>>> print(open('data-v6.cif').read())   # mmCIF, C-alpha atoms and all ligand atoms
data_coords
loop_
_atom_site.label_atom_id
_atom_site.label_comp_id
_atom_site.auth_asym_id
_atom_site.auth_seq_id
_atom_site.Cartn_x
_atom_site.Cartn_y
_atom_site.Cartn_z
CA ASP A 24 51.44 36.27 34.20
CA GLU A 25 47.76 36.36 33.29
CA LEU A 26 47.68 32.59 32.86
CA GLU A 27 49.68 31.97 36.05
CA GLY A 28 47.15 34.04 37.98
CA ALA A 29 44.19 32.12 36.56
CA PHE A 30 45.03 28.72 38.12
CA LYS A 31 42.84 27.52 40.99
CA ASP A 32 43.03 24.37 43.14
CA ASN A 33 40.36 22.75 41.00
CA THR A 34 41.89 23.63 37.60
CA LYS A 35 41.91 20.46 35.50
CA ALA A 36 43.37 21.59 32.17
CA VAL A 37 44.49 24.55 30.09
CA ILE A 38 42.65 24.89 26.78
CA ILE A 39 43.86 27.12 23.95
CA GLU A 40 43.21 27.65 20.25
CA THR A 41 46.19 27.77 17.87
CA LEU A 42 44.70 30.79 16.09
CA GLY A 43 42.07 32.79 17.94
CA ASN A 44 38.53 33.04 16.61
CA PRO A 45 37.76 35.52 15.14
CA ASN A 46 40.89 37.73 15.28
CA SER A 47 43.53 35.14 14.38
CA GLU A 48 45.85 35.81 17.34
CA VAL A 49 48.85 33.46 17.47
CA VAL A 50 49.33 31.58 20.74
CA ASP A 51 52.69 30.53 22.22
CA ILE A 52 51.98 26.79 22.58
CA GLU A 53 55.40 25.92 23.97
CA ALA A 54 55.34 28.56 26.71
CA ILE A 55 51.77 27.70 27.71
CA ALA A 56 52.57 23.96 27.80
CA LYS A 57 55.40 24.64 30.27
CA ILE A 58 53.11 26.67 32.55
CA ALA A 59 50.34 24.04 32.39
CA HIS A 60 52.79 21.26 33.24
CA ALA A 61 54.26 23.24 36.14
CA HIS A 62 50.70 23.24 37.55
CA LYS A 63 50.33 19.49 36.85
CA VAL A 64 47.54 19.90 34.30
CA PRO A 65 47.47 18.87 30.64
CA LEU A 66 47.46 21.35 27.77
CA ILE A 67 44.56 20.79 25.36
CA VAL A 68 44.94 22.56 22.02
CA ASP A 69 42.06 23.24 19.65
CA ASN A 70 43.99 23.11 16.38
CA THR A 71 40.95 23.55 14.13
CA PHE A 72 42.11 26.82 12.56
CA ALA A 73 45.78 25.91 12.01
CA THR A 74 45.16 22.30 10.90
CA PRO A 75 47.78 19.59 11.36
CA TYR A 76 49.22 20.61 8.00
CA LEU A 77 50.47 23.94 9.40
CA VAL A 78 51.03 23.24 13.12
CA ARG A 79 51.57 20.03 15.09
CA PRO A 80 50.97 21.09 18.73
CA ILE A 81 52.17 17.83 20.33
CA GLU A 82 55.68 18.68 19.07
CA TYR A 83 55.48 21.88 21.15
CA GLY A 84 54.38 20.11 24.34
CA ALA A 85 50.59 19.81 23.97
CA ASP A 86 49.08 16.72 25.59
CA ILE A 87 45.76 16.55 23.76
CA VAL A 88 44.78 18.08 20.42
CA VAL A 89 41.20 18.55 19.24
CA HIS A 90 39.78 19.52 15.88
CA SER A 91 36.36 20.47 14.69
CA ALA A 92 36.44 18.30 11.56
CA THR A 93 33.43 20.32 10.42
CA LYS A 94 35.94 22.94 9.23
CA PHE A 95 39.13 22.33 7.18
CA ILE A 96 39.13 18.55 7.51
CA GLY A 97 35.73 18.23 5.82
CA GLY A 98 36.38 21.38 3.85
CA HIS A 99 32.91 21.93 2.40
CA GLY A 100 30.73 22.72 5.42
CA THR A 101 28.58 19.67 4.81
CA SER A 102 29.29 17.43 7.82
CA VAL A 103 29.59 17.84 11.58
CA GLY A 104 32.26 15.96 13.50
CA GLY A 105 35.38 16.19 15.58
CA VAL A 106 38.72 14.59 16.33
CA ILE A 107 40.56 14.06 19.63
CA ILE A 108 44.25 13.13 19.55
CA ASP A 109 45.82 11.93 22.81
CA SER A 110 49.62 12.24 22.82
CA GLY A 111 49.74 9.64 25.60
CA LYS A 112 52.41 11.74 27.32
CA PHE A 113 50.53 13.22 30.26
CA ASP A 114 51.18 11.45 33.57
CA TRP A 115 47.69 11.35 35.10
CA ILE A 116 48.84 9.38 38.15
CA ALA A 117 51.66 11.78 39.09
CA ALA A 118 49.36 14.80 38.58
CA ASP A 119 46.63 13.21 40.73
CA LYS A 120 44.03 15.77 39.63
CA HIS A 121 41.70 13.63 37.53
CA ARG A 122 40.42 10.92 39.86
CA TRP A 123 37.93 9.66 37.26
CA LEU A 124 40.91 8.35 35.29
CA ILE A 125 42.64 6.83 38.30
CA ASP A 126 39.90 5.42 40.56
CA PRO A 127 38.57 1.90 39.86
CA ASN A 128 35.65 2.15 37.43
CA PRO A 129 32.74 -0.03 38.59
CA SER A 130 31.26 -0.27 35.08
CA TYR A 131 34.50 -1.92 33.87
CA HIS A 132 34.96 -4.35 36.79
CA GLY A 133 37.13 -1.95 38.79
CA LEU A 134 39.54 -1.08 35.98
CA SER A 135 41.71 2.02 36.54
CA PHE A 136 42.20 3.70 33.18
CA ALA A 137 45.42 5.45 34.22
CA LYS A 138 46.96 2.36 35.83
CA ASP A 139 45.67 -0.43 33.58
CA VAL A 140 45.54 1.23 30.15
CA GLY A 141 48.71 3.30 30.48
CA ALA A 142 49.55 5.85 27.76
CA ALA A 143 46.12 5.52 26.08
CA ALA A 144 44.20 6.16 29.36
CA TYR A 145 42.50 9.43 28.35
CA ILE A 146 41.41 8.43 24.86
CA THR A 147 40.30 4.99 26.04
CA TYR A 148 38.16 6.61 28.76
CA ILE A 149 36.53 8.79 26.12
CA ARG A 150 35.74 5.80 23.89
CA ALA A 151 34.76 3.40 26.67
CA ILE A 152 32.79 5.77 28.90
CA LEU A 153 31.80 9.04 27.20
CA LEU A 154 31.06 7.55 23.79
CA ARG A 155 29.15 4.68 25.39
CA ASP A 156 27.15 6.95 27.71
CA THR A 157 26.35 9.80 25.31
CA GLY A 158 26.16 7.91 22.02
CA ALA A 159 28.08 10.67 20.22
CA THR A 160 28.93 8.50 17.24
CA LEU A 161 29.90 9.88 13.85
CA SER A 162 27.56 8.86 11.04
CA PRO A 163 29.25 6.63 8.44
CA VAL A 164 28.69 9.11 5.61
CA HIS A 165 30.24 11.94 7.61
CA ALA A 166 33.22 9.72 8.47
CA PHE A 167 33.59 9.09 4.73
CA VAL A 168 33.44 12.85 3.98
CA PHE A 169 36.17 13.56 6.56
CA LEU A 170 38.45 10.78 5.37
CA GLN A 171 38.09 11.99 1.81
CA GLY A 172 38.68 15.57 2.97
CA LEU A 173 41.99 14.59 4.56
CA GLU A 174 43.26 13.52 1.15
CA THR A 175 43.12 17.12 -0.14
CA LEU A 176 43.77 18.93 3.17
CA SER A 177 47.32 19.97 2.30
CA LEU A 178 46.33 21.22 -1.18
CA ARG A 179 43.39 23.18 0.13
CA VAL A 180 45.21 24.72 3.09
CA GLU A 181 48.10 25.78 0.86
CA ARG A 182 45.64 27.68 -1.35
CA HIS A 183 43.63 29.04 1.61
CA VAL A 184 46.83 30.50 3.07
CA GLU A 185 48.16 31.85 -0.24
CA ASN A 186 44.84 33.65 -0.83
CA ALA A 187 44.47 34.84 2.78
CA LEU A 188 47.90 36.49 2.80
CA LYS A 189 47.05 38.39 -0.39
CA VAL A 190 43.66 39.47 0.99
CA ALA A 191 45.23 40.61 4.29
CA GLU A 192 47.71 42.72 2.34
CA PHE A 193 45.00 44.10 0.03
CA LEU A 194 42.81 45.11 2.98
CA ASN A 195 45.76 46.52 4.90
CA ASN A 196 46.39 48.96 2.03
CA HIS A 197 42.73 49.84 1.46
CA PRO A 198 41.68 53.42 2.30
CA GLN A 199 38.29 52.25 3.65
CA VAL A 200 39.85 49.84 6.14
CA GLU A 201 40.72 50.94 9.64
CA LYS A 202 42.58 47.82 10.78
CA VAL A 203 43.31 44.25 9.68
CA ASN A 204 43.59 41.64 12.43
CA HIS A 205 45.92 39.12 10.84
CA PRO A 206 49.36 38.04 12.14
CA SER A 207 50.97 38.63 8.72
CA VAL A 208 50.27 42.38 8.92
CA THR A 209 50.27 42.93 12.67
CA GLU A 210 52.32 45.68 14.27
CA ASP A 211 52.56 43.77 17.53
CA GLU A 212 56.17 42.60 17.86
CA SER A 213 55.42 39.51 19.95
CA GLN A 214 52.69 38.41 17.51
CA LYS A 215 55.18 38.85 14.64
CA GLU A 216 57.72 36.65 16.44
CA LEU A 217 55.18 33.95 17.25
CA TYR A 218 53.85 33.94 13.69
CA LYS A 219 57.39 33.47 12.36
CA LYS A 220 58.05 30.64 14.79
CA TYR A 221 54.81 28.67 14.47
CA TYR A 222 53.80 29.48 10.87
CA PRO A 223 56.88 29.29 8.65
CA ASN A 224 54.52 28.44 5.76
CA GLY A 225 52.00 31.15 6.64
CA GLY A 226 48.60 30.63 8.20
CA GLY A 227 45.33 32.20 9.21
CA SER A 228 42.67 32.16 6.51
CA ILE A 229 40.01 33.09 9.09
CA PHE A 230 40.54 36.64 10.34
CA THR A 231 38.85 39.99 10.75
CA PHE A 232 39.13 43.56 9.58
CA GLU A 233 37.55 46.78 10.78
CA ILE A 234 35.83 48.78 8.06
CA LYS A 235 35.70 52.58 8.38
CA GLY A 236 32.31 53.40 9.93
CA GLY A 237 30.15 51.30 12.22
CA ALA A 238 27.83 48.29 12.19
CA LYS A 239 25.76 49.77 9.35
CA GLU A 240 28.76 50.07 7.03
CA ALA A 241 30.01 46.59 8.00
CA GLN A 242 26.64 44.97 7.29
CA ALA A 243 26.20 46.89 4.02
CA PHE A 244 29.64 45.69 2.89
CA ILE A 245 28.72 42.06 3.60
CA ASP A 246 25.39 42.44 1.79
CA LYS A 247 27.19 43.68 -1.34
CA LEU A 248 29.53 40.66 -1.54
CA LYS A 249 28.71 38.28 -4.40
CA ILE A 250 31.32 35.52 -4.23
CA PHE A 251 31.54 35.48 -0.43
CA SER A 252 28.59 33.75 1.26
CA LEU A 253 27.08 35.21 4.42
CA LEU A 254 27.52 32.18 6.69
CA ALA A 255 28.55 31.39 10.27
CA ASN A 256 30.71 28.50 8.98
CA VAL A 257 34.44 28.84 8.64
CA ALA A 258 37.10 27.03 6.58
CA ASP A 259 34.89 25.97 3.69
CA VAL A 260 36.49 25.97 0.22
CA LYS A 261 34.17 28.86 -0.61
CA SER A 262 34.86 32.28 0.87
CA LEU A 263 32.61 33.38 3.73
CA ALA A 264 31.90 36.63 5.57
CA ILE A 265 29.97 37.51 8.70
CA HIS A 266 29.38 40.37 11.15
CA PRO A 267 30.40 38.80 14.51
CA ALA A 268 28.87 41.44 16.82
CA SER A 269 25.32 40.81 15.56
CA THR A 270 25.60 37.05 14.83
CA THR A 271 28.22 34.60 16.16
CA HIS A 272 29.04 36.75 19.21
CA SER A 273 25.66 38.49 19.67
CA GLU A 274 25.12 36.90 23.10
CA ASP A 275 28.25 38.56 24.48
CA SER A 276 28.04 41.73 26.56
CA GLU A 277 29.80 44.90 25.39
CA GLU A 278 32.57 44.19 27.86
CA GLU A 279 32.99 40.60 26.60
CA LEU A 280 33.07 41.84 23.00
CA ALA A 281 35.72 44.41 23.92
CA ILE A 282 37.91 41.78 25.61
CA GLN A 283 37.78 39.73 22.40
CA GLY A 284 38.51 42.72 20.19
CA ILE A 285 35.14 42.55 18.42
CA LYS A 286 33.82 45.99 17.42
CA PRO A 287 30.63 47.11 15.66
CA ASN A 288 32.71 47.59 12.47
CA THR A 289 34.45 44.18 12.66
CA ILE A 290 33.92 41.83 9.72
CA ARG A 291 35.11 38.22 9.84
CA LEU A 292 36.31 36.63 6.64
CA SER A 293 37.04 32.99 5.93
CA ILE A 294 39.09 33.04 2.76
CA GLY A 295 38.35 30.19 0.39
CA THR A 296 40.16 28.56 -2.48
CA GLU A 297 38.63 30.50 -5.38
CA HIS A 298 40.97 32.36 -7.75
CA ILE A 299 42.52 35.28 -5.89
CA ASP A 300 41.59 37.76 -8.66
CA ASP A 301 37.91 36.90 -8.17
CA ILE A 302 38.16 37.25 -4.38
CA ILE A 303 39.87 40.65 -4.59
CA ALA A 304 37.44 41.85 -7.28
CA ASP A 305 34.49 40.91 -5.06
CA LEU A 306 35.93 42.70 -2.02
CA SER A 307 36.77 45.76 -4.16
CA GLN A 308 33.25 46.12 -5.55
CA ALA A 309 31.74 45.71 -2.06
CA PHE A 310 33.68 48.78 -0.88
CA SER A 311 32.29 50.89 -3.72
C1 LIG B 1 37.90 26.63 16.74
C2 LIG B 1 36.63 25.84 16.86
N1 LIG B 1 36.63 24.71 17.60
C3 LIG B 1 35.51 23.97 17.76
C4 LIG B 1 34.31 24.33 17.17
C5 LIG B 1 33.10 23.45 17.36
O1 LIG B 1 32.91 22.75 16.21
P1 LIG B 1 31.67 21.81 15.84
O2 LIG B 1 30.59 22.72 15.36
O3 LIG B 1 32.20 20.94 14.77
O4 LIG B 1 31.30 21.09 17.09
C6 LIG B 1 34.25 25.47 16.41
C7 LIG B 1 32.98 25.86 15.78
O5 LIG B 1 32.76 26.93 15.33
C8 LIG B 1 35.44 26.26 16.23
O6 LIG B 1 35.43 27.37 15.50
#
>>> encode(input="data-v6.cif", output="structure tokens")
Amino acid sequence: DELEGAFKDNTKAVIIETLGNPNSEVVDIEAIAKIAHAHKVPLIVDNTFATPYLVRPIEYGADIVVHSATKFIGGHGTSVGGVIIDSGKFDWIAADKHRWLIDPNPSYHGLSFAKDVGAAAYITYIRAILLRDTGATLSPVHAFVFLQGLETLSLRVERHVENALKVAEFLNNHPQVEKVNHPSVTEDESQKELYKKYYPNGGGSIFTFEIKGGAKEAQAFIDKLKIFSLLANVADVKSLAIHPASTTHSEDSEEELAIQGIKPNTIRLSIGTEHIDDIIADLSQAFS
């Protein structure tokens, strides 16, 4: 209902993340795709946090999928880049909401991307127009890093998930933890259902927990961590921790923080691929 009420005449697309940042909420891709299509707009899914190894949004009706390759695809937080995947399934002409794809383009001798390029209209427009005009070209060494990263993506994500599920459980049973925001330990029935449907192999190595106390206790906990690095990155092979309210989300008002479920005692973790015993030992000593 909330999404239905948000559409306006000039709405061009619906954009969602497969797992919310920072609280790892699971999104119903299939249901949202149906609503977007009923309003004649494409569904764009940012699949950075789930990765194509865990979730393939086009199979659930997404039209375009984007990834920050800076995260799991690279895997080591060393390179900045992104990926856009066009399913080729959205009918831009029937929707008639994106005239820049339909109208003759004077810089390509009057070519209409939607009519003349067909299924690859959107991605061709991005390459032929946006890439040309903005020069946003990946450096060769970063392209190499990402291609090499893809070769170990499945191995890494398997370990990220295995570790994350154990950490979520550990924190959920810890007396100094107020709440863990992870779909594997949620009490929300609809989140449980969605997690079962979209993540049969588990998921969500970036999530938050609320430590007992306030910002002071959260920051002190992070300062005590030895294996976890205090970094705004996510999805590196090394484990990371940050205090969202005073860093990544510090520009948000109190109301905006509340809407996103970010409290003064919220700590975001990005669980890496180290040995789980070392990760748990580090978290344990930071509570002491
Ligand atoms: C889910 C998600 N999508 C996109 C981005 C943007 O990524 P980049 O820094 O590679 O442009 C981020 C960055 O934090 C992210 O977390």
>>> residues_near_ligand(input="data-v6.cif", ligand="ligand LIG 1 (chain B)", cutoff="12 Å", atoms="all atoms listed in the file", output="PyMOL selection string")
chain A and resi 38-47+67-74+88-98+100-107+159+161+165+169+227+229-230+254-259+271-272+293
>>> closest_residue(input="data-v6.cif", among="A:Leu26, A:Asn33, A:Pro75, A:Glu185", to="Ile55 (chain A)", atoms="only C-alpha atoms")
A:Leu26
>>> closest_residue(input="data-v6.cif", among="A:Val190, A:Ala117, A:Val200, A:Ile87", to="Phe310 (chain A)", atoms="all atoms listed in the file")
A:Val200
>>> atom_distance(input="data-v6.cif", atom1="CA of Arg155 (chain A)", atom2="CA of Ser130 (chain A)")
11.1 Å
>>> residues_around(input="data-v6.cif", residues="Leu134 (chain A)", least_positions_apart="5", cutoff="12 Å", atoms="all atoms listed in the file", output="ChimeraX atom specification")
/A:123-129,139-141,144,147-148,151-152
>>> write_last_selection(input="data-v6.cif", atoms="C-alpha atoms", output="PDB file, in the frame of the given file")
ATOM      1  CA  TRP A 123      37.930   9.660  37.260  1.00  0.00           C
ATOM      2  CA  LEU A 124      40.910   8.350  35.290  1.00  0.00           C
ATOM      3  CA  ILE A 125      42.640   6.830  38.300  1.00  0.00           C
ATOM      4  CA  ASP A 126      39.900   5.420  40.560  1.00  0.00           C
ATOM      5  CA  PRO A 127      38.570   1.900  39.860  1.00  0.00           C
ATOM      6  CA  ASN A 128      35.650   2.150  37.430  1.00  0.00           C
ATOM      7  CA  PRO A 129      32.740  -0.030  38.590  1.00  0.00           C
ATOM      8  CA  ASP A 139      45.670  -0.430  33.580  1.00  0.00           C
ATOM      9  CA  VAL A 140      45.540   1.230  30.150  1.00  0.00           C
ATOM     10  CA  GLY A 141      48.710   3.300  30.480  1.00  0.00           C
ATOM     11  CA  ALA A 144      44.200   6.160  29.360  1.00  0.00           C
ATOM     12  CA  THR A 147      40.300   4.990  26.040  1.00  0.00           C
ATOM     13  CA  TYR A 148      38.160   6.610  28.760  1.00  0.00           C
ATOM     14  CA  ALA A 151      34.760   3.400  26.670  1.00  0.00           C
ATOM     15  CA  ILE A 152      32.790   5.770  28.900  1.00  0.00           C
TER      16      ILE A 152
END
>>> decode(input="data-v6.cif", residues="region 57-70 of chain A", atoms="all heavy atoms", output="PDB file, in the first residue's frame")
ATOM      1  N   LYS A  57       5.622  -6.607  -9.727  1.00  0.00           N
ATOM      2  CA  LYS A  57       4.232  -6.591 -10.238  1.00  0.00           C
ATOM      3  C   LYS A  57       3.634  -5.188 -10.096  1.00  0.00           C
ATOM      4  O   LYS A  57       2.971  -4.691 -11.010  1.00  0.00           O
ATOM      5  CB  LYS A  57       3.367  -7.607  -9.472  1.00  0.00           C
ATOM      6  CG  LYS A  57       3.625  -9.019  -9.961  1.00  0.00           C
ATOM      7  CD  LYS A  57       2.575  -9.994  -9.439  1.00  0.00           C
ATOM      8  CE  LYS A  57       2.993 -11.414  -9.844  1.00  0.00           C
ATOM      9  NZ  LYS A  57       3.069 -12.340  -8.726  1.00  0.00           N
ATOM     10  N   ILE A  58       3.880  -4.558  -8.953  1.00  0.00           N
ATOM     11  CA  ILE A  58       3.323  -3.210  -8.739  1.00  0.00           C
ATOM     12  C   ILE A  58       3.970  -2.220  -9.717  1.00  0.00           C
ATOM     13  O   ILE A  58       3.284  -1.414 -10.350  1.00  0.00           O
ATOM     14  CB  ILE A  58       3.545  -2.753  -7.273  1.00  0.00           C
ATOM     15  CG1 ILE A  58       2.796  -3.693  -6.319  1.00  0.00           C
ATOM     16  CG2 ILE A  58       3.083  -1.308  -7.069  1.00  0.00           C
ATOM     17  CD1 ILE A  58       3.094  -3.460  -4.844  1.00  0.00           C
ATOM     18  N   ALA A  59       5.284  -2.303  -9.872  1.00  0.00           N
ATOM     19  CA  ALA A  59       5.981  -1.386 -10.789  1.00  0.00           C
ATOM     20  C   ALA A  59       5.425  -1.547 -12.205  1.00  0.00           C
ATOM     21  O   ALA A  59       5.125  -0.553 -12.885  1.00  0.00           O
ATOM     22  CB  ALA A  59       7.487  -1.663 -10.769  1.00  0.00           C
ATOM     23  N   HIS A  60       5.258  -2.791 -12.621  1.00  0.00           N
ATOM     24  CA  HIS A  60       4.784  -3.038 -13.996  1.00  0.00           C
ATOM     25  C   HIS A  60       3.343  -2.579 -14.197  1.00  0.00           C
ATOM     26  O   HIS A  60       2.982  -2.111 -15.279  1.00  0.00           O
ATOM     27  CB  HIS A  60       4.958  -4.511 -14.349  1.00  0.00           C
ATOM     28  CG  HIS A  60       6.400  -4.916 -14.400  1.00  0.00           C
ATOM     29  ND1 HIS A  60       6.844  -6.196 -14.267  1.00  0.00           N
ATOM     30  CD2 HIS A  60       7.522  -4.146 -14.552  1.00  0.00           C
ATOM     31  CE1 HIS A  60       8.165  -6.222 -14.353  1.00  0.00           C
ATOM     32  NE2 HIS A  60       8.602  -4.982 -14.502  1.00  0.00           N
ATOM     33  N   ALA A  61       2.530  -2.690 -13.135  1.00  0.00           N
ATOM     34  CA  ALA A  61       1.148  -2.206 -13.241  1.00  0.00           C
ATOM     35  C   ALA A  61       1.136  -0.690 -13.471  1.00  0.00           C
ATOM     36  O   ALA A  61       0.207  -0.153 -14.075  1.00  0.00           O
ATOM     37  CB  ALA A  61       0.370  -2.559 -11.982  1.00  0.00           C
ATOM     38  N   HIS A  62       2.187  -0.011 -13.004  1.00  0.00           N
ATOM     39  CA  HIS A  62       2.301   1.443 -13.202  1.00  0.00           C
ATOM     40  C   HIS A  62       3.168   1.784 -14.417  1.00  0.00           C
ATOM     41  O   HIS A  62       3.590   2.925 -14.579  1.00  0.00           O
ATOM     42  CB  HIS A  62       2.860   2.104 -11.939  1.00  0.00           C
ATOM     43  CG  HIS A  62       1.881   2.114 -10.804  1.00  0.00           C
ATOM     44  ND1 HIS A  62       1.031   3.175 -10.563  1.00  0.00           N
ATOM     45  CD2 HIS A  62       1.589   1.181  -9.868  1.00  0.00           C
ATOM     46  CE1 HIS A  62       0.275   2.888  -9.511  1.00  0.00           C
ATOM     47  NE2 HIS A  62       0.586   1.690  -9.066  1.00  0.00           N
ATOM     48  N   LYS A  63       3.488   0.769 -15.216  1.00  0.00           N
ATOM     49  CA  LYS A  63       4.263   0.951 -16.454  1.00  0.00           C
ATOM     50  C   LYS A  63       5.652   1.549 -16.232  1.00  0.00           C
ATOM     51  O   LYS A  63       6.126   2.377 -17.010  1.00  0.00           O
ATOM     52  CB  LYS A  63       3.485   1.812 -17.456  1.00  0.00           C
ATOM     53  CG  LYS A  63       2.227   1.156 -18.004  1.00  0.00           C
ATOM     54  CD  LYS A  63       1.748   1.980 -19.174  1.00  0.00           C
ATOM     55  CE  LYS A  63       0.599   1.461 -19.983  1.00  0.00           C
ATOM     56  NZ  LYS A  63       0.025   0.215 -19.808  1.00  0.00           N
ATOM     57  N   VAL A  64       6.274   1.160 -15.120  1.00  0.00           N
ATOM     58  CA  VAL A  64       7.664   1.594 -14.897  1.00  0.00           C
ATOM     59  C   VAL A  64       8.526   0.360 -14.610  1.00  0.00           C
ATOM     60  O   VAL A  64       8.029  -0.653 -14.115  1.00  0.00           O
ATOM     61  CB  VAL A  64       7.819   2.623 -13.734  1.00  0.00           C
ATOM     62  CG1 VAL A  64       7.051   3.894 -14.033  1.00  0.00           C
ATOM     63  CG2 VAL A  64       7.412   2.024 -12.411  1.00  0.00           C
ATOM     64  N   PRO A  65       9.817   0.443 -14.960  1.00  0.00           N
ATOM     65  CA  PRO A  65      10.693  -0.705 -14.707  1.00  0.00           C
ATOM     66  C   PRO A  65      11.078  -0.810 -13.238  1.00  0.00           C
ATOM     67  O   PRO A  65      11.099   0.185 -12.520  1.00  0.00           O
ATOM     68  CB  PRO A  65      11.925  -0.376 -15.558  1.00  0.00           C
ATOM     69  CG  PRO A  65      11.941   1.111 -15.676  1.00  0.00           C
ATOM     70  CD  PRO A  65      10.506   1.560 -15.627  1.00  0.00           C
ATOM     71  N   LEU A  66      11.410  -2.036 -12.824  1.00  0.00           N
ATOM     72  CA  LEU A  66      11.958  -2.245 -11.483  1.00  0.00           C
ATOM     73  C   LEU A  66      13.478  -2.369 -11.606  1.00  0.00           C
ATOM     74  O   LEU A  66      13.981  -3.232 -12.326  1.00  0.00           O
ATOM     75  CB  LEU A  66      11.393  -3.519 -10.844  1.00  0.00           C
ATOM     76  CG  LEU A  66      12.045  -3.872  -9.498  1.00  0.00           C
ATOM     77  CD1 LEU A  66      11.778  -2.799  -8.448  1.00  0.00           C
ATOM     78  CD2 LEU A  66      11.560  -5.233  -9.000  1.00  0.00           C
ATOM     79  N   ILE A  67      14.179  -1.481 -10.893  1.00  0.00           N
ATOM     80  CA  ILE A  67      15.647  -1.510 -10.857  1.00  0.00           C
ATOM     81  C   ILE A  67      16.046  -2.061  -9.490  1.00  0.00           C
ATOM     82  O   ILE A  67      15.593  -1.560  -8.459  1.00  0.00           O
ATOM     83  CB  ILE A  67      16.237  -0.097 -11.058  1.00  0.00           C
ATOM     84  CG1 ILE A  67      15.748   0.488 -12.392  1.00  0.00           C
ATOM     85  CG2 ILE A  67      17.768  -0.138 -10.996  1.00  0.00           C
ATOM     86  CD1 ILE A  67      16.172   1.935 -12.643  1.00  0.00           C
ATOM     87  N   VAL A  68      16.845  -3.095  -9.472  1.00  0.00           N
ATOM     88  CA  VAL A  68      17.246  -3.708  -8.201  1.00  0.00           C
ATOM     89  C   VAL A  68      18.744  -3.526  -7.977  1.00  0.00           C
ATOM     90  O   VAL A  68      19.556  -3.923  -8.810  1.00  0.00           O
ATOM     91  CB  VAL A  68      16.900  -5.212  -8.174  1.00  0.00           C
ATOM     92  CG1 VAL A  68      17.348  -5.836  -6.854  1.00  0.00           C
ATOM     93  CG2 VAL A  68      15.403  -5.422  -8.366  1.00  0.00           C
ATOM     94  N   ASP A  69      19.080  -2.919  -6.853  1.00  0.00           N
ATOM     95  CA  ASP A  69      20.486  -2.852  -6.433  1.00  0.00           C
ATOM     96  C   ASP A  69      20.763  -4.158  -5.682  1.00  0.00           C
ATOM     97  O   ASP A  69      20.313  -4.358  -4.551  1.00  0.00           O
ATOM     98  CB  ASP A  69      20.703  -1.634  -5.528  1.00  0.00           C
ATOM     99  CG  ASP A  69      22.169  -1.484  -5.124  1.00  0.00           C
ATOM    100  OD1 ASP A  69      22.885  -2.505  -5.072  1.00  0.00           O
ATOM    101  OD2 ASP A  69      22.588  -0.346  -4.842  1.00  0.00           O
ATOM    102  N   ASN A  70      21.490  -5.044  -6.343  1.00  0.00           N
ATOM    103  CA  ASN A  70      21.716  -6.389  -5.800  1.00  0.00           C
ATOM    104  C   ASN A  70      23.115  -6.516  -5.180  1.00  0.00           C
ATOM    105  O   ASN A  70      23.637  -7.618  -5.040  1.00  0.00           O
ATOM    106  CB  ASN A  70      21.525  -7.423  -6.924  1.00  0.00           C
ATOM    107  CG  ASN A  70      21.335  -8.833  -6.402  1.00  0.00           C
ATOM    108  OD1 ASN A  70      20.813  -9.022  -5.303  1.00  0.00           O
ATOM    109  ND2 ASN A  70      21.748  -9.818  -7.168  1.00  0.00           N
TER     110      ASN A  70
END
